[in-house]
$ cat model-v4.cif   # mmCIF, C-alpha atoms (C1' of nucleotides)
data_start
loop_
_atom_site.label_atom_id
_atom_site.label_comp_id
_atom_site.auth_asym_id
_atom_site.auth_seq_id
_atom_site.Cartn_x
_atom_site.Cartn_y
_atom_site.Cartn_z
CA MET A 1 -33.29 16.66 -59.22
CA THR A 2 -36.03 18.79 -57.87
CA PRO A 3 -38.86 20.65 -59.56
CA PHE A 4 -37.09 23.78 -58.50
CA THR A 5 -33.98 22.83 -60.41
CA GLU A 6 -35.88 22.01 -63.54
CA LYS A 7 -37.81 25.22 -63.35
CA VAL A 8 -34.66 27.22 -62.99
CA ILE A 9 -33.23 25.53 -66.01
CA SER A 10 -36.28 26.16 -68.14
CA ILE A 11 -36.35 29.78 -67.12
CA ILE A 12 -32.76 30.27 -68.05
CA ARG A 13 -33.29 28.60 -71.37
CA ASP A 14 -36.01 31.11 -72.10
CA ILE A 15 -33.86 34.15 -71.60
CA PRO A 16 -33.71 35.85 -74.98
CA GLU A 17 -30.54 37.10 -76.56
CA GLY A 18 -29.19 40.38 -75.41
CA ARG A 19 -31.03 40.13 -72.11
CA VAL A 20 -29.93 39.14 -68.64
CA MET A 21 -31.58 38.10 -65.39
CA THR A 22 -30.42 38.10 -61.82
CA TYR A 23 -30.10 35.05 -59.63
CA GLY A 24 -32.71 36.37 -57.27
CA GLN A 25 -35.14 36.99 -60.06
CA ILE A 26 -34.82 33.49 -61.37
CA ALA A 27 -35.04 32.02 -57.90
CA SER A 28 -38.19 34.00 -57.32
CA LEU A 29 -39.79 32.79 -60.52
CA ALA A 30 -38.84 29.26 -59.69
CA GLY A 31 -40.64 29.53 -56.40
CA ASN A 32 -38.09 30.56 -53.80
CA HIS A 33 -36.89 34.09 -53.89
CA ARG A 34 -34.20 33.16 -51.41
CA ALA A 35 -32.75 30.35 -53.43
CA ALA A 36 -30.47 32.61 -55.40
CA ARG A 37 -27.53 30.54 -54.27
CA GLN A 38 -29.04 27.36 -55.54
CA VAL A 39 -29.62 29.00 -58.87
CA ALA A 40 -25.96 29.81 -58.99
CA ARG A 41 -25.05 26.35 -57.91
CA ILE A 42 -27.33 24.78 -60.46
CA LEU A 43 -25.70 26.80 -63.16
CA HIS A 44 -22.30 25.76 -61.99
CA SER A 45 -23.07 22.09 -62.18
CA MET A 46 -25.58 21.99 -65.01
CA SER A 47 -23.67 24.16 -67.43
CA LYS A 48 -21.13 21.39 -67.63
CA LYS A 49 -23.67 18.85 -68.72
CA GLN A 50 -26.21 20.91 -70.59
CA ARG A 51 -26.29 23.83 -72.88
CA LEU A 52 -27.52 26.72 -70.90
CA PRO A 53 -27.05 30.42 -71.53
CA TRP A 54 -25.72 30.73 -68.01
CA TYR A 55 -23.78 33.73 -69.11
CA ARG A 56 -27.03 35.66 -69.25
CA VAL A 57 -27.28 35.41 -65.51
CA VAL A 58 -25.70 37.99 -63.25
CA ASN A 59 -26.05 38.99 -59.62
CA ALA A 60 -28.43 41.60 -58.23
CA ASN A 61 -26.03 44.40 -59.09
CA GLY A 62 -25.76 43.38 -62.69
CA GLN A 63 -22.23 42.34 -62.00
CA ILE A 64 -20.62 39.11 -63.03
CA VAL A 65 -19.40 37.30 -59.99
CA ILE A 66 -17.68 34.05 -60.69
CA LYS A 67 -14.59 32.41 -59.34
CA ASP A 68 -13.39 30.70 -62.44
CA ASP A 69 -11.56 33.28 -64.52
CA THR A 70 -11.99 31.35 -67.74
CA ALA A 71 -15.74 31.21 -67.37
CA TYR A 72 -15.75 34.83 -66.32
CA ASN A 73 -14.11 35.95 -69.52
CA GLU A 74 -16.29 33.66 -71.51
CA GLN A 75 -19.40 35.18 -70.01
CA ILE A 76 -18.34 38.70 -70.86
CA LEU A 77 -17.42 37.67 -74.36
CA ASN A 78 -20.73 35.99 -75.02
CA LEU A 79 -22.69 38.90 -73.65
CA GLN A 80 -20.81 41.34 -75.81
CA ILE A 81 -21.45 39.20 -78.84
CA GLU A 82 -25.15 39.47 -78.16
CA GLY A 83 -24.92 43.21 -77.86
CA VAL A 84 -24.75 43.59 -74.13
CA LYS A 85 -22.19 46.09 -73.01
CA VAL A 86 -20.03 45.02 -70.13
CA ASP A 87 -17.76 47.51 -68.45
CA HIS A 88 -14.28 46.84 -67.14
CA ASN A 89 -15.71 45.71 -63.84
CA GLY A 90 -17.76 43.01 -65.46
CA THR A 91 -20.95 44.91 -64.84
CA VAL A 92 -23.91 45.25 -67.18
CA ASP A 93 -26.64 47.86 -67.16
CA LEU A 94 -29.54 46.11 -65.50
CA GLU A 95 -31.96 48.93 -66.17
CA LYS A 96 -31.33 48.35 -69.81
CA TYR A 97 -30.81 44.63 -70.24
CA ARG A 98 -32.68 43.03 -67.40
CA LEU A 99 -35.53 40.91 -68.66
CA GLN A 100 -38.72 42.19 -67.11
CA LEU A 101 -41.73 39.99 -66.56
"C1'" DC B 1 -26.84 10.11 -43.22
"C1'" DC B 2 -24.52 14.48 -41.45
"C1'" DA B 3 -21.51 18.44 -42.50
"C1'" DT B 4 -19.76 21.71 -45.55
"C1'" DT B 5 -20.00 24.76 -49.34
"C1'" DG B 6 -21.41 28.36 -52.35
"C1'" DA B 7 -21.71 32.07 -60.04
"C1'" DC B 8 -26.53 35.20 -53.85
"C1'" DT B 9 -29.56 38.69 -51.41
"C1'" DC B 10 -31.20 41.74 -48.22
"C1'" DG B 11 -31.36 44.77 -44.42
"C1'" DG B 12 -29.03 47.28 -40.94
"C1'" DA B 13 -25.14 50.08 -39.04
"C1'" DG C 1 -20.66 54.71 -50.74
"C1'" DT C 2 -18.80 50.69 -47.27
"C1'" DC C 3 -18.87 46.47 -44.19
"C1'" DC C 4 -21.18 42.80 -41.56
"C1'" DG C 5 -24.41 39.25 -40.37
"C1'" DA C 6 -27.96 36.18 -41.21
"C1'" DG C 7 -31.11 33.51 -44.11
"C1'" DC C 8 -31.75 29.87 -47.47
"C1'" DC C 9 -31.32 25.31 -49.51
"C1'" DA C 10 -29.56 22.00 -53.39
"C1'" DA C 11 -25.43 19.72 -54.45
"C1'" DT C 12 -21.17 17.39 -52.83
"C1'" DG C 13 -18.29 14.51 -50.24
#
$ encode --input "model-v4.cif" --output "structure tokens"
Amino acid sequence: MTPFTEKVISIIRDIPEGRVMTYGQIASLAGNHRAARQVARILHSMSKKQRLPWYRVVNANGQIVIKDDTAYNEQILNLQIEGVKVDHNGTVDLEKYRLQL
DNA sequence: CCATTGACTCGGA
DNA sequence: GTCCGAGCCAATG
């Protein structure tokens, strides 16, 4: 692991309910604003081994972009449970739910 | 160890 | 609004 990875994980764990963050935002906080992809990758691999609210992470457009359909639906479901509205495109209102720092 | 991949992002046309 | 190209770098094989 790298400090970057751990930082990303801790940041994600701190995302409160009903809020979301973008990959780029997290990457930036973790030290590399260009490591958005790694953030995504970390989620992909870590979510299998740890409990992370990975579903609170969306891309820069507030849209859920994920290949695995099962996880995709799961993400939307979890967000809705927390009160985040997701439209039929799998997009959330960033202006409203994005966690500002 | 080297090569490929990818839940991304940004800027330009 | 769209499409394209390039950057970035950890994880995987």
$ residues_around --input "model-v4.cif" --residues "region 69-73 of chain A" --least-positions-apart "2" --cutoff "12 Å" --atoms "all atoms listed in the file" --output "PDB file with C-alpha atoms (C1' of nucleotides), keeping the file's coordinate frame"
ATOM      1  CA  LEU A  43     -25.700  26.800 -63.160  1.00  0.00           C
ATOM      2  CA  HIS A  44     -22.300  25.760 -61.990  1.00  0.00           C
ATOM      3  CA  SER A  47     -23.670  24.160 -67.430  1.00  0.00           C
ATOM      4  CA  LYS A  48     -21.130  21.390 -67.630  1.00  0.00           C
ATOM      5  CA  TRP A  54     -25.720  30.730 -68.010  1.00  0.00           C
ATOM      6  CA  TYR A  55     -23.780  33.730 -69.110  1.00  0.00           C
ATOM      7  CA  ARG A  56     -27.030  35.660 -69.250  1.00  0.00           C
ATOM      8  CA  VAL A  57     -27.280  35.410 -65.510  1.00  0.00           C
ATOM      9  CA  VAL A  58     -25.700  37.990 -63.250  1.00  0.00           C
ATOM     10  CA  GLN A  63     -22.230  42.340 -62.000  1.00  0.00           C
ATOM     11  CA  ILE A  64     -20.620  39.110 -63.030  1.00  0.00           C
ATOM     12  CA  VAL A  65     -19.400  37.300 -59.990  1.00  0.00           C
ATOM     13  CA  ILE A  66     -17.680  34.050 -60.690  1.00  0.00           C
ATOM     14  CA  LYS A  67     -14.590  32.410 -59.340  1.00  0.00           C
ATOM     15  CA  GLN A  75     -19.400  35.180 -70.010  1.00  0.00           C
ATOM     16  CA  ILE A  76     -18.340  38.700 -70.860  1.00  0.00           C
ATOM     17  CA  LEU A  77     -17.420  37.670 -74.360  1.00  0.00           C
ATOM     18  CA  ASN A  78     -20.730  35.990 -75.020  1.00  0.00           C
ATOM     19  CA  LEU A  79     -22.690  38.900 -73.650  1.00  0.00           C
ATOM     20  CA  GLN A  80     -20.810  41.340 -75.810  1.00  0.00           C
ATOM     21  CA  VAL A  86     -20.030  45.020 -70.130  1.00  0.00           C
ATOM     22  CA  HIS A  88     -14.280  46.840 -67.140  1.00  0.00           C
ATOM     23  CA  ASN A  89     -15.710  45.710 -63.840  1.00  0.00           C
ATOM     24  CA  GLY A  90     -17.760  43.010 -65.460  1.00  0.00           C
ATOM     25  CA  THR A  91     -20.950  44.910 -64.840  1.00  0.00           C
TER      26      THR A  91
ATOM     27  C1'  DA B   7     -21.710  32.070 -60.040  1.00  0.00           C
TER      28       DA B   7
END
$ resolve_selection --input "model-v4.cif" --expression "the PyMOL selection byres ((chain C and resi 7) around 8)" --output "compact mmCIF listing (two decimals) with C-alpha atoms (C1' of nucleotides), in the frame of the given file"
# COMPACT_ATOMS: atom_id res chain seq x y z
CA ARG A 34 -34.20 33.16 -51.41
C1' DA C 6 -27.96 36.18 -41.21
C1' DC C 8 -31.75 29.87 -47.47
$ closest_atom_pairs --input "model-v4.cif" --of "chain B" --to "chain A" --cutoff "10 Å" --atoms "all atoms listed in the file" --output "JSON lines"
{"residue": "B:DG6", "atom": "C1'", "partner": "A:Arg37", "partner_atom": "CA", "distance": 6.8}
{"residue": "B:DA7", "atom": "C1'", "partner": "A:Ile66", "partner_atom": "CA", "distance": 4.5}
{"residue": "B:DC8", "atom": "C1'", "partner": "A:Arg37", "partner_atom": "CA", "distance": 4.8}
{"residue": "B:DT9", "atom": "C1'", "partner": "A:Gly24", "partner_atom": "CA", "distance": 7.0}
{"residue": "B:DC10", "atom": "C1'", "partner": "A:Arg34", "partner_atom": "CA", "distance": 9.6}
$ resolve_selection --input "model-v4.cif" --expression "the PyMOL selection byres ((chain C and resi 13) around 10)" --output "list in words"
DA3 and DT4 of chain B; DA11 and DT12 of chain C
$ closest_residue --input "model-v4.cif" --among "A:Ser45, A:Lys7, A:Ile15, A:Gln100" --to "chain C" --atoms "all atoms listed in the file"
A:Ser45
$ atom_distance --input "model-v4.cif" --atom1 "CA of Asp87 (chain A)" --atom2 "CA of Ile26 (chain A)"
23.2 Å
$ atom_distance --input "model-v4.cif" --atom1 "CA of Met21 (chain A)" --atom2 "CA of Arg98 (chain A)"
5.4 Å
$ residues_around --input "model-v4.cif" --residues "DG12 (chain B)" --least-positions-apart "6" --cutoff "12 Å" --atoms "all atoms listed in the file" --output "ChimeraX atom specification"
/C:3-6
$ write_last_selection --input "model-v4.cif" --atoms "C-alpha atoms (C1' of nucleotides)" --output "mmCIF file, in the frame of the given file"
data_model
loop_
_atom_site.group_PDB
_atom_site.id
_atom_site.type_symbol
_atom_site.label_atom_id
_atom_site.label_comp_id
_atom_site.auth_asym_id
_atom_site.auth_seq_id
_atom_site.Cartn_x
_atom_site.Cartn_y
_atom_site.Cartn_z
ATOM 1 C "C1'" DC C 3 -18.870 46.470 -44.190
ATOM 2 C "C1'" DC C 4 -21.180 42.800 -41.560
ATOM 3 C "C1'" DG C 5 -24.410 39.250 -40.370
ATOM 4 C "C1'" DA C 6 -27.960 36.180 -41.210
#
$ atom_distance --input "model-v4.cif" --atom1 "CA of Leu52 (chain A)" --atom2 "C1' of DT5 (chain B)"
22.9 Å
$ residues_around --input "model-v4.cif" --residues "Arg13 (chain A)" --least-positions-apart "3" --cutoff "8 Å" --atoms "all atoms listed in the file" --output "JSON, numbers by chain"
{"A": [9, 10, 52, 53]}
$ build_atoms --input "model-v4.cif" --residues "region 79-96 of chain A" --atoms "N, CA, C and O atoms" --output "JSON list (two decimals), keeping the file's coordinate frame"
[["chain", "number", "residue", "atom", "x", "y", "z"],
["A", 79, "LEU", "N", -21.74, 37.80, -73.82],
["A", 79, "LEU", "CA", -22.69, 38.90, -73.65],
["A", 79, "LEU", "C", -22.42, 39.99, -74.69],
["A", 79, "LEU", "O", -23.35, 40.52, -75.31],
["A", 80, "GLN", "N", -21.16, 40.30, -74.86],
["A", 80, "GLN", "CA", -20.81, 41.34, -75.81],
["A", 80, "GLN", "C", -21.21, 40.96, -77.23],
["A", 80, "GLN", "O", -21.66, 41.79, -78.01],
["A", 81, "ILE", "N", -21.07, 39.68, -77.51],
["A", 81, "ILE", "CA", -21.45, 39.20, -78.84],
["A", 81, "ILE", "C", -22.94, 39.42, -79.08],
["A", 81, "ILE", "O", -23.37, 39.72, -80.18],
["A", 82, "GLU", "N", -23.70, 39.30, -78.02],
["A", 82, "GLU", "CA", -25.15, 39.47, -78.16],
["A", 82, "GLU", "C", -25.57, 40.93, -78.06],
["A", 82, "GLU", "O", -26.75, 41.24, -78.08],
["A", 83, "GLY", "N", -24.60, 41.79, -77.91],
["A", 83, "GLY", "CA", -24.92, 43.21, -77.86],
["A", 83, "GLY", "C", -25.04, 43.82, -76.49],
["A", 83, "GLY", "O", -25.47, 44.96, -76.35],
["A", 84, "VAL", "N", -24.69, 43.06, -75.49],
["A", 84, "VAL", "CA", -24.75, 43.59, -74.13],
["A", 84, "VAL", "C", -23.40, 44.20, -73.78],
["A", 84, "VAL", "O", -22.38, 43.53, -73.89],
["A", 85, "LYS", "N", -23.45, 45.43, -73.36],
["A", 85, "LYS", "CA", -22.19, 46.09, -73.01],
["A", 85, "LYS", "C", -21.78, 45.76, -71.59],
["A", 85, "LYS", "O", -22.58, 45.85, -70.67],
["A", 86, "VAL", "N", -20.55, 45.38, -71.44],
["A", 86, "VAL", "CA", -20.03, 45.02, -70.13],
["A", 86, "VAL", "C", -18.84, 45.94, -69.85],
["A", 86, "VAL", "O", -17.94, 46.04, -70.67],
["A", 87, "ASP", "N", -18.87, 46.61, -68.72],
["A", 87, "ASP", "CA", -17.76, 47.51, -68.45],
["A", 87, "ASP", "C", -16.55, 46.76, -67.89],
["A", 87, "ASP", "O", -16.59, 45.55, -67.70],
["A", 88, "HIS", "N", -15.52, 47.48, -67.59],
["A", 88, "HIS", "CA", -14.28, 46.84, -67.14],
["A", 88, "HIS", "C", -14.42, 46.13, -65.81],
["A", 88, "HIS", "O", -13.54, 45.37, -65.42],
["A", 89, "ASN", "N", -15.51, 46.39, -65.11],
["A", 89, "ASN", "CA", -15.71, 45.71, -63.84],
["A", 89, "ASN", "C", -16.54, 44.44, -64.01],
["A", 89, "ASN", "O", -16.84, 43.76, -63.05],
["A", 90, "GLY", "N", -16.93, 44.18, -65.23],
["A", 90, "GLY", "CA", -17.76, 43.01, -65.46],
["A", 90, "GLY", "C", -19.19, 43.28, -65.08],
["A", 90, "GLY", "O", -19.92, 42.39, -64.66],
["A", 91, "THR", "N", -19.59, 44.54, -65.21],
["A", 91, "THR", "CA", -20.95, 44.91, -64.84],
["A", 91, "THR", "C", -21.77, 45.30, -66.06],
["A", 91, "THR", "O", -21.26, 45.96, -66.96],
["A", 92, "VAL", "N", -23.04, 44.89, -66.07],
["A", 92, "VAL", "CA", -23.91, 45.25, -67.18],
["A", 92, "VAL", "C", -24.98, 46.21, -66.65],
["A", 92, "VAL", "O", -25.22, 46.28, -65.44],
["A", 93, "ASP", "N", -25.61, 46.92, -67.55],
["A", 93, "ASP", "CA", -26.64, 47.86, -67.16],
["A", 93, "ASP", "C", -27.97, 47.14, -67.00],
["A", 93, "ASP", "O", -28.66, 46.85, -67.96],
["A", 94, "LEU", "N", -28.31, 46.85, -65.77],
["A", 94, "LEU", "CA", -29.54, 46.11, -65.50],
["A", 94, "LEU", "C", -30.78, 46.84, -65.98],
["A", 94, "LEU", "O", -31.72, 46.24, -66.50],
["A", 95, "GLU", "N", -30.80, 48.13, -65.77],
["A", 95, "GLU", "CA", -31.96, 48.93, -66.17],
["A", 95, "GLU", "C", -32.25, 48.71, -67.66],
["A", 95, "GLU", "O", -33.39, 48.76, -68.09],
["A", 96, "LYS", "N", -31.22, 48.47, -68.36],
["A", 96, "LYS", "CA", -31.33, 48.35, -69.81],
["A", 96, "LYS", "C", -31.52, 46.92, -70.30],
["A", 96, "LYS", "O", -32.34, 46.66, -71.17]]
